[in-house]
Amino acid sequence: MKFAFSSNAFLRHNLLETIRIVSKIGYEGIEIMADVPHAFPRHLTDTDIKGIRAALEDNSLAISNINAFMHHADGDTYHPSWIEEDPELRAKRVDYTLRCIDLAEKLGARNISTEPGGPLEGMSLEEGLRLYKEGLMAVGERAGKKGVHILIEPEPGLLIEDSSQFLELFRELDPDVFGINFDVGHFYCVNENPAELIGSMKDCIHHFHLEDIAPTREHHHLMLGHGAIDLSGILNSIEEIGYEGFVTVELYTYEHAAEDAALEAYQYLQKWSRIS
């Protein structure tokens, strides 16, 4: 496996600065947040994209994932979601995702991650699933043509929260186009054992998010080793399935000290690598 760091912790830096910092620390990859202030697709010019590609090349950094989950440029972390009651808002999410697919192709990224529907907010589960599948079908064809995987990221409190819900939905999707962004902490928060899930879900995993979570299982990303997750066991499980892609550390909760957080997480991973 290879290690990357998510740019969504570096909201006080622009993307080019973030690329240089993440590379200097020693990571092999970076997850690029497709939102303000980094790479919101509608704000990027061809010159911007060339600049990002050049910065990645100059710093010998690969893209682990395009994070197309958050949408602060037009809303917030979850809105506009795939399951808004207003069709115009749902169309915004579809348009944004299509632009993220195009961005991934231009930057040479293999996958984008997206929210698992969104908050139900009074909507029935059945209606939420109907709207979500409708939205995914609207973006799947373009992703397939461009060779970009769309990775659903289950999250506590949203439409798709756990592994069984994801797998039920995944049975209706094209596995050549869709997959899972396996967020270790999210599964821990919903009382699942991430280490056990990794083996059973290995065929649909294309990317990992890694963070720690407190014993309370509250959804709040903590520095590696500061919570209750058996991260060494998780990393061993990832290694055991022969995964050769990226594991991205996601610590957006450390915006106030992003560089320090990225360095501490890297040192934690290097220590694990030496021990394993």
# chains A, B, ... in the order shown; residues from 1 in each chain; ligands from 1
$ residues_around --residues "range 26-42 of chain A" --least-positions-apart "5" --cutoff "7 Å" --atoms "only C-alpha atoms" --output "list of chain:residue names"
A:Lys2, A:Phe3, A:Ala4, A:Phe5, A:Ser6, A:Ser7, A:Asn8, A:Leu11, A:Asn14, A:Leu15, A:Leu61, A:Ala62, A:Ile63, A:Ser64, A:Asn65, A:Ile66, A:Asn67, A:Ala68, A:Met70, A:His71, A:His72, A:Ala73, A:Arg99, A:Cys100, A:Leu103, A:Thr248
$ residues_around --residues "Leu197 in chain A" --least-positions-apart "5" --cutoff "9 Å" --atoms "only C-alpha atoms" --output "VMD selection string"
chain A and resid 163 187 192 202
$ residues_around --residues "range 176-181 of chain A" --least-positions-apart "4" --cutoff "9 Å" --atoms "only C-alpha atoms" --output "PyMOL selection string"
chain A and resi 112-114+140-141+143-144+147-154+166+170+201+203-209
$ write_last_selection --atoms "N, CA and C atoms" --output "PDB file, in the first residue's frame"
ATOM      1  N   ILE A 112     -12.853   9.249  -7.931  1.00  0.00           N
ATOM      2  CA  ILE A 112     -13.394  10.330  -7.125  1.00  0.00           C
ATOM      3  C   ILE A 112     -14.242   9.691  -6.036  1.00  0.00           C
ATOM      4  N   SER A 113     -14.344  10.353  -4.887  1.00  0.00           N
ATOM      5  CA  SER A 113     -15.232   9.864  -3.829  1.00  0.00           C
ATOM      6  C   SER A 113     -16.414  10.806  -3.701  1.00  0.00           C
ATOM      7  N   THR A 114     -17.549  10.260  -3.314  1.00  0.00           N
ATOM      8  CA  THR A 114     -18.759  11.065  -3.210  1.00  0.00           C
ATOM      9  C   THR A 114     -19.556  10.673  -1.977  1.00  0.00           C
ATOM     10  N   GLY A 140     -22.817   7.853 -14.080  1.00  0.00           N
ATOM     11  CA  GLY A 140     -22.073   6.622 -14.289  1.00  0.00           C
ATOM     12  C   GLY A 140     -21.531   6.451 -15.693  1.00  0.00           C
ATOM     13  N   GLU A 141     -22.300   6.852 -16.683  1.00  0.00           N
ATOM     14  CA  GLU A 141     -21.865   6.644 -18.068  1.00  0.00           C
ATOM     15  C   GLU A 141     -20.594   7.443 -18.365  1.00  0.00           C
ATOM     16  N   ALA A 143     -18.348   8.529 -16.249  1.00  0.00           N
ATOM     17  CA  ALA A 143     -17.233   7.956 -15.507  1.00  0.00           C
ATOM     18  C   ALA A 143     -16.692   6.714 -16.206  1.00  0.00           C
ATOM     19  N   GLY A 144     -17.604   5.872 -16.684  1.00  0.00           N
ATOM     20  CA  GLY A 144     -17.184   4.667 -17.379  1.00  0.00           C
ATOM     21  C   GLY A 144     -16.390   4.971 -18.633  1.00  0.00           C
ATOM     22  N   GLY A 147     -12.921   6.192 -17.679  1.00  0.00           N
ATOM     23  CA  GLY A 147     -12.110   5.300 -16.867  1.00  0.00           C
ATOM     24  C   GLY A 147     -11.884   5.783 -15.449  1.00  0.00           C
ATOM     25  N   VAL A 148     -12.884   6.486 -14.886  1.00  0.00           N
ATOM     26  CA  VAL A 148     -12.795   7.018 -13.525  1.00  0.00           C
ATOM     27  C   VAL A 148     -13.789   6.288 -12.634  1.00  0.00           C
ATOM     28  N   HIS A 149     -13.321   5.750 -11.523  1.00  0.00           N
ATOM     29  CA  HIS A 149     -14.224   5.094 -10.576  1.00  0.00           C
ATOM     30  C   HIS A 149     -14.931   6.135  -9.705  1.00  0.00           C
ATOM     31  N   ILE A 150     -16.209   5.914  -9.459  1.00  0.00           N
ATOM     32  CA  ILE A 150     -16.973   6.725  -8.506  1.00  0.00           C
ATOM     33  C   ILE A 150     -17.082   5.911  -7.216  1.00  0.00           C
ATOM     34  N   LEU A 151     -16.485   6.433  -6.152  1.00  0.00           N
ATOM     35  CA  LEU A 151     -16.419   5.686  -4.895  1.00  0.00           C
ATOM     36  C   LEU A 151     -17.372   6.283  -3.869  1.00  0.00           C
ATOM     37  N   ILE A 152     -18.315   5.490  -3.448  1.00  0.00           N
ATOM     38  CA  ILE A 152     -19.288   5.892  -2.433  1.00  0.00           C
ATOM     39  C   ILE A 152     -18.642   5.754  -1.061  1.00  0.00           C
ATOM     40  N   GLU A 153     -18.839   6.766  -0.226  1.00  0.00           N
ATOM     41  CA  GLU A 153     -18.220   6.778   1.103  1.00  0.00           C
ATOM     42  C   GLU A 153     -19.303   6.760   2.185  1.00  0.00           C
ATOM     43  N   PRO A 154     -19.674   5.575   2.690  1.00  0.00           N
ATOM     44  CA  PRO A 154     -20.660   5.511   3.770  1.00  0.00           C
ATOM     45  C   PRO A 154     -20.234   6.378   4.951  1.00  0.00           C
ATOM     46  N   PHE A 166     -24.442  -0.446   2.121  1.00  0.00           N
ATOM     47  CA  PHE A 166     -23.636  -0.222   0.915  1.00  0.00           C
ATOM     48  C   PHE A 166     -23.720  -1.420  -0.027  1.00  0.00           C
ATOM     49  N   PHE A 170     -24.797  -1.610  -3.802  1.00  0.00           N
ATOM     50  CA  PHE A 170     -23.752  -1.940  -4.772  1.00  0.00           C
ATOM     51  C   PHE A 170     -24.187  -3.050  -5.725  1.00  0.00           C
ATOM     52  N   MET A 201     -14.924  -7.146   1.864  1.00  0.00           N
ATOM     53  CA  MET A 201     -15.304  -6.135   0.870  1.00  0.00           C
ATOM     54  C   MET A 201     -14.162  -5.804  -0.089  1.00  0.00           C
ATOM     55  N   ASP A 203     -13.135  -6.721  -2.890  1.00  0.00           N
ATOM     56  CA  ASP A 203     -13.344  -6.616  -4.337  1.00  0.00           C
ATOM     57  C   ASP A 203     -13.952  -5.288  -4.769  1.00  0.00           C
ATOM     58  N   CYS A 204     -14.511  -4.528  -3.817  1.00  0.00           N
ATOM     59  CA  CYS A 204     -15.118  -3.241  -4.214  1.00  0.00           C
ATOM     60  C   CYS A 204     -14.378  -2.046  -3.602  1.00  0.00           C
ATOM     61  N   ILE A 205     -13.267  -2.308  -2.909  1.00  0.00           N
ATOM     62  CA  ILE A 205     -12.496  -1.223  -2.300  1.00  0.00           C
ATOM     63  C   ILE A 205     -11.459  -0.700  -3.296  1.00  0.00           C
ATOM     64  N   HIS A 206     -11.500   0.611  -3.536  1.00  0.00           N
ATOM     65  CA  HIS A 206     -10.527   1.241  -4.444  1.00  0.00           C
ATOM     66  C   HIS A 206      -9.703   2.327  -3.756  1.00  0.00           C
ATOM     67  N   HIS A 207     -10.045   2.659  -2.521  1.00  0.00           N
ATOM     68  CA  HIS A 207      -9.334   3.716  -1.806  1.00  0.00           C
ATOM     69  C   HIS A 207      -9.731   3.645  -0.338  1.00  0.00           C
ATOM     70  N   PHE A 208      -8.818   4.047   0.544  1.00  0.00           N
ATOM     71  CA  PHE A 208      -9.101   4.074   1.979  1.00  0.00           C
ATOM     72  C   PHE A 208      -8.923   5.484   2.529  1.00  0.00           C
ATOM     73  N   HIS A 209      -9.758   5.828   3.504  1.00  0.00           N
ATOM     74  CA  HIS A 209      -9.525   6.973   4.384  1.00  0.00           C
ATOM     75  C   HIS A 209      -9.145   6.417   5.748  1.00  0.00           C
TER      76      HIS A 209
END
$ residues_around --residues "Ser60 in chain A" --least-positions-apart "3" --cutoff "10 Å" --atoms "only C-alpha atoms" --output "PyMOL selection string"
chain A and resi 19-20+23-24+27-29+54-57
$ select_by_dssp --residues "range 157-230 of chain A" --states "strand (DSSP E or B)" --output "PyMOL selection string"
chain A and resi 178-183+205-210+212+222
$ write_last_selection --atoms "C-alpha atoms" --output "mmCIF file, in the first residue's frame"
data_model
loop_
_atom_site.group_PDB
_atom_site.id
_atom_site.type_symbol
_atom_site.label_atom_id
_atom_site.label_comp_id
_atom_site.auth_asym_id
_atom_site.auth_seq_id
_atom_site.Cartn_x
_atom_site.Cartn_y
_atom_site.Cartn_z
ATOM 1 C CA PHE A 178 -18.648 2.201 -8.861
ATOM 2 C CA GLY A 179 -16.924 1.079 -5.690
ATOM 3 C CA ILE A 180 -16.317 2.128 -2.116
ATOM 4 C CA ASN A 181 -14.101 4.689 -0.482
ATOM 5 C CA PHE A 182 -13.521 2.675 2.680
ATOM 6 C CA ASP A 183 -13.370 5.144 5.559
ATOM 7 C CA ILE A 205 -12.496 -1.223 -2.300
ATOM 8 C CA HIS A 206 -10.527 1.241 -4.444
ATOM 9 C CA HIS A 207 -9.334 3.716 -1.806
ATOM 10 C CA PHE A 208 -9.101 4.074 1.979
ATOM 11 C CA HIS A 209 -9.525 6.973 4.384
ATOM 12 C CA LEU A 210 -7.652 6.560 7.648
ATOM 13 C CA ASP A 212 -8.692 7.506 14.570
ATOM 14 C CA LEU A 222 -8.588 12.162 15.582
#
$ residues_around --residues "range 83-90 of chain A" --least-positions-apart "2" --cutoff "10 Å" --atoms "only C-alpha atoms" --output "PyMOL selection string"
chain A and resi 74-75+79-81+92-96+116-121+123+127-135+159
$ select_by_dssp --residues "range 1-201 of chain A" --states "alpha helix (DSSP H)" --output "VMD selection string"
chain A and resid 15 to 25 46 to 58 87 to 107 125 to 146 163 to 170 184 to 189 194 to 200
$ atom_distance --atom1 "CA of His186 in chain A" --atom2 "CA of Arg217 in chain A"
8.9 Å
$ residues_around --residues "His226 in chain A" --least-positions-apart "2" --cutoff "12 Å" --atoms "only C-alpha atoms" --output "PyMOL selection string"
chain A and resi 211-215+220-224+228-231+261+264-265+268
$ write_last_selection --atoms "C-alpha atoms" --output "compact mmCIF listing (two decimals), in the first residue's frame"
# COMPACT_ATOMS: atom_id res chain seq x y z
CA GLU A 211 -8.16 8.40 10.93
CA ASP A 212 -8.69 7.51 14.57
CA ILE A 213 -11.93 7.79 16.57
CA ALA A 214 -12.56 8.14 20.32
CA PRO A 215 -13.91 5.20 22.37
CA HIS A 220 -14.84 13.22 14.97
CA HIS A 221 -11.55 12.51 13.20
CA LEU A 222 -8.59 12.16 15.58
CA MET A 223 -4.85 11.92 15.01
CA LEU A 224 -3.62 8.39 14.38
CA ALA A 228 -9.57 3.62 20.22
CA ILE A 229 -9.26 2.02 16.76
CA ASP A 230 -6.73 -0.79 16.38
CA LEU A 231 -4.99 0.97 13.49
CA ALA A 261 -0.86 16.84 11.84
CA GLU A 264 2.75 13.33 13.02
CA ALA A 265 0.54 10.99 11.00
CA TYR A 268 3.06 7.10 12.93
$ residues_around --residues "Arg53 in chain A" --least-positions-apart "3" --cutoff "9 Å" --atoms "only C-alpha atoms" --output "compact mmCIF listing (two decimals) with C-alpha atoms, in the first residue's frame"
# COMPACT_ATOMS: atom_id res chain seq x y z
CA ASP A 48 -4.83 26.27 -13.22
CA ILE A 49 -5.02 22.62 -14.20
CA LYS A 50 -1.65 22.80 -15.93
CA LEU A 56 2.47 17.29 -8.76
CA GLU A 57 5.22 16.35 -11.20
CA ASP A 58 7.78 18.72 -9.68
CA LYS A 106 -7.48 15.92 -16.76
CA LEU A 107 -5.30 15.39 -13.70
CA GLY A 108 -4.80 11.68 -14.26
$ atom_distance --atom1 "CA of Phe10 in chain A" --atom2 "CA of Tyr252 in chain A"
7.5 Å
$ atom_distance --atom1 "CA of Val139 in chain A" --atom2 "CA of Ala104 in chain A"
13.5 Å
$ decode --residues "range 44-136 of chain A" --atoms "C-alpha atoms" --output "PDB file, in the first residue's frame"
ATOM      1  CA  LEU A  44     -10.433  26.161 -12.442  1.00  0.00           C
ATOM      2  CA  THR A  45      -9.034  27.395 -15.741  1.00  0.00           C
ATOM      3  CA  ASP A  46      -6.912  25.344 -18.119  1.00  0.00           C
ATOM      4  CA  THR A  47      -3.922  27.275 -16.778  1.00  0.00           C
ATOM      5  CA  ASP A  48      -4.831  26.274 -13.215  1.00  0.00           C
ATOM      6  CA  ILE A  49      -5.018  22.619 -14.201  1.00  0.00           C
ATOM      7  CA  LYS A  50      -1.646  22.798 -15.930  1.00  0.00           C
ATOM      8  CA  GLY A  51      -0.229  24.385 -12.782  1.00  0.00           C
ATOM      9  CA  ILE A  52      -1.585  21.583 -10.595  1.00  0.00           C
ATOM     10  CA  ARG A  53      -0.162  18.931 -12.899  1.00  0.00           C
ATOM     11  CA  ALA A  54       3.213  20.681 -12.930  1.00  0.00           C
ATOM     12  CA  ALA A  55       3.269  20.974  -9.130  1.00  0.00           C
ATOM     13  CA  LEU A  56       2.474  17.289  -8.757  1.00  0.00           C
ATOM     14  CA  GLU A  57       5.220  16.345 -11.199  1.00  0.00           C
ATOM     15  CA  ASP A  58       7.782  18.716  -9.678  1.00  0.00           C
ATOM     16  CA  ASN A  59       7.091  17.282  -6.230  1.00  0.00           C
ATOM     17  CA  SER A  60       6.876  13.638  -7.345  1.00  0.00           C
ATOM     18  CA  LEU A  61       3.382  13.339  -5.865  1.00  0.00           C
ATOM     19  CA  ALA A  62       0.533  11.198  -7.193  1.00  0.00           C
ATOM     20  CA  ILE A  63      -3.186  11.820  -6.731  1.00  0.00           C
ATOM     21  CA  SER A  64      -4.709   9.237  -4.430  1.00  0.00           C
ATOM     22  CA  ASN A  65      -8.275  10.459  -4.942  1.00  0.00           C
ATOM     23  CA  ILE A  66     -10.376  13.437  -5.958  1.00  0.00           C
ATOM     24  CA  ASN A  67     -12.568  14.227  -2.946  1.00  0.00           C
ATOM     25  CA  ALA A  68     -15.912  15.193  -4.488  1.00  0.00           C
ATOM     26  CA  PHE A  69     -17.845  14.873  -1.235  1.00  0.00           C
ATOM     27  CA  MET A  70     -17.986  18.408   0.183  1.00  0.00           C
ATOM     28  CA  HIS A  71     -19.624  21.252  -1.702  1.00  0.00           C
ATOM     29  CA  HIS A  72     -18.933  24.461   0.241  1.00  0.00           C
ATOM     30  CA  ALA A  73     -18.640  26.521  -2.942  1.00  0.00           C
ATOM     31  CA  ASP A  74     -22.399  26.170  -3.456  1.00  0.00           C
ATOM     32  CA  GLY A  75     -23.601  24.902  -0.081  1.00  0.00           C
ATOM     33  CA  ASP A  76     -21.905  23.082   2.784  1.00  0.00           C
ATOM     34  CA  THR A  77     -20.372  19.726   3.650  1.00  0.00           C
ATOM     35  CA  TYR A  78     -23.489  17.780   2.628  1.00  0.00           C
ATOM     36  CA  HIS A  79     -25.573  20.136   0.497  1.00  0.00           C
ATOM     37  CA  PRO A  80     -26.584  20.178  -2.227  1.00  0.00           C
ATOM     38  CA  SER A  81     -26.883  16.423  -1.807  1.00  0.00           C
ATOM     39  CA  TRP A  82     -28.007  13.659  -4.141  1.00  0.00           C
ATOM     40  CA  ILE A  83     -31.360  13.443  -2.360  1.00  0.00           C
ATOM     41  CA  GLU A  84     -32.560  17.031  -2.042  1.00  0.00           C
ATOM     42  CA  GLU A  85     -36.309  17.462  -2.433  1.00  0.00           C
ATOM     43  CA  ASP A  86     -35.631  20.343  -4.847  1.00  0.00           C
ATOM     44  CA  PRO A  87     -34.711  18.888  -8.278  1.00  0.00           C
ATOM     45  CA  GLU A  88     -32.596  21.953  -9.081  1.00  0.00           C
ATOM     46  CA  LEU A  89     -30.398  21.245  -6.069  1.00  0.00           C
ATOM     47  CA  ARG A  90     -30.069  17.581  -7.053  1.00  0.00           C
ATOM     48  CA  ALA A  91     -29.071  18.743 -10.528  1.00  0.00           C
ATOM     49  CA  LYS A  92     -26.312  20.853  -8.947  1.00  0.00           C
ATOM     50  CA  ARG A  93     -24.876  17.759  -7.281  1.00  0.00           C
ATOM     51  CA  VAL A  94     -25.012  15.860 -10.569  1.00  0.00           C
ATOM     52  CA  ASP A  95     -23.356  18.697 -12.482  1.00  0.00           C
ATOM     53  CA  TYR A  96     -20.663  19.045  -9.817  1.00  0.00           C
ATOM     54  CA  THR A  97     -19.916  15.320  -9.931  1.00  0.00           C
ATOM     55  CA  LEU A  98     -19.694  15.299 -13.723  1.00  0.00           C
ATOM     56  CA  ARG A  99     -17.206  18.169 -13.514  1.00  0.00           C
ATOM     57  CA  CYS A 100     -15.216  16.246 -10.902  1.00  0.00           C
ATOM     58  CA  ILE A 101     -15.071  13.248 -13.241  1.00  0.00           C
ATOM     59  CA  ASP A 102     -13.723  15.512 -15.982  1.00  0.00           C
ATOM     60  CA  LEU A 103     -11.226  17.005 -13.536  1.00  0.00           C
ATOM     61  CA  ALA A 104     -10.040  13.550 -12.526  1.00  0.00           C
ATOM     62  CA  GLU A 105      -9.399  12.685 -16.157  1.00  0.00           C
ATOM     63  CA  LYS A 106      -7.482  15.924 -16.762  1.00  0.00           C
ATOM     64  CA  LEU A 107      -5.305  15.395 -13.695  1.00  0.00           C
ATOM     65  CA  GLY A 108      -4.798  11.682 -14.259  1.00  0.00           C
ATOM     66  CA  ALA A 109      -6.680  10.589 -11.126  1.00  0.00           C
ATOM     67  CA  ARG A 110      -8.210   7.132 -11.102  1.00  0.00           C
ATOM     68  CA  ASN A 111     -11.168   7.802  -8.800  1.00  0.00           C
ATOM     69  CA  ILE A 112     -13.394  10.330  -7.125  1.00  0.00           C
ATOM     70  CA  SER A 113     -15.232   9.864  -3.829  1.00  0.00           C
ATOM     71  CA  THR A 114     -18.759  11.065  -3.210  1.00  0.00           C
ATOM     72  CA  GLU A 115     -21.254  11.299  -0.379  1.00  0.00           C
ATOM     73  CA  PRO A 116     -23.544   8.318   0.311  1.00  0.00           C
ATOM     74  CA  GLY A 117     -26.749  10.080  -0.656  1.00  0.00           C
ATOM     75  CA  GLY A 118     -26.892  12.801   1.964  1.00  0.00           C
ATOM     76  CA  PRO A 119     -28.943  13.558   5.086  1.00  0.00           C
ATOM     77  CA  LEU A 120     -32.481  12.151   4.894  1.00  0.00           C
ATOM     78  CA  GLU A 121     -33.956  15.197   6.698  1.00  0.00           C
ATOM     79  CA  GLY A 122     -37.514  13.886   6.930  1.00  0.00           C
ATOM     80  CA  MET A 123     -37.437  11.977   3.640  1.00  0.00           C
ATOM     81  CA  SER A 124     -38.278   8.275   3.664  1.00  0.00           C
ATOM     82  CA  LEU A 125     -35.461   5.795   3.187  1.00  0.00           C
ATOM     83  CA  GLU A 126     -37.161   4.414   0.094  1.00  0.00           C
ATOM     84  CA  GLU A 127     -37.449   7.820  -1.534  1.00  0.00           C
ATOM     85  CA  GLY A 128     -33.866   8.669  -0.610  1.00  0.00           C
ATOM     86  CA  LEU A 129     -32.581   5.488  -2.224  1.00  0.00           C
ATOM     87  CA  ARG A 130     -34.663   6.104  -5.338  1.00  0.00           C
ATOM     88  CA  LEU A 131     -33.264   9.605  -5.789  1.00  0.00           C
ATOM     89  CA  TYR A 132     -29.733   8.497  -5.018  1.00  0.00           C
ATOM     90  CA  LYS A 133     -29.754   5.721  -7.596  1.00  0.00           C
ATOM     91  CA  GLU A 134     -31.272   8.111 -10.113  1.00  0.00           C
ATOM     92  CA  GLY A 135     -28.419  10.551  -9.521  1.00  0.00           C
ATOM     93  CA  LEU A 136     -25.721   7.891  -9.727  1.00  0.00           C
TER      94      LEU A 136
END
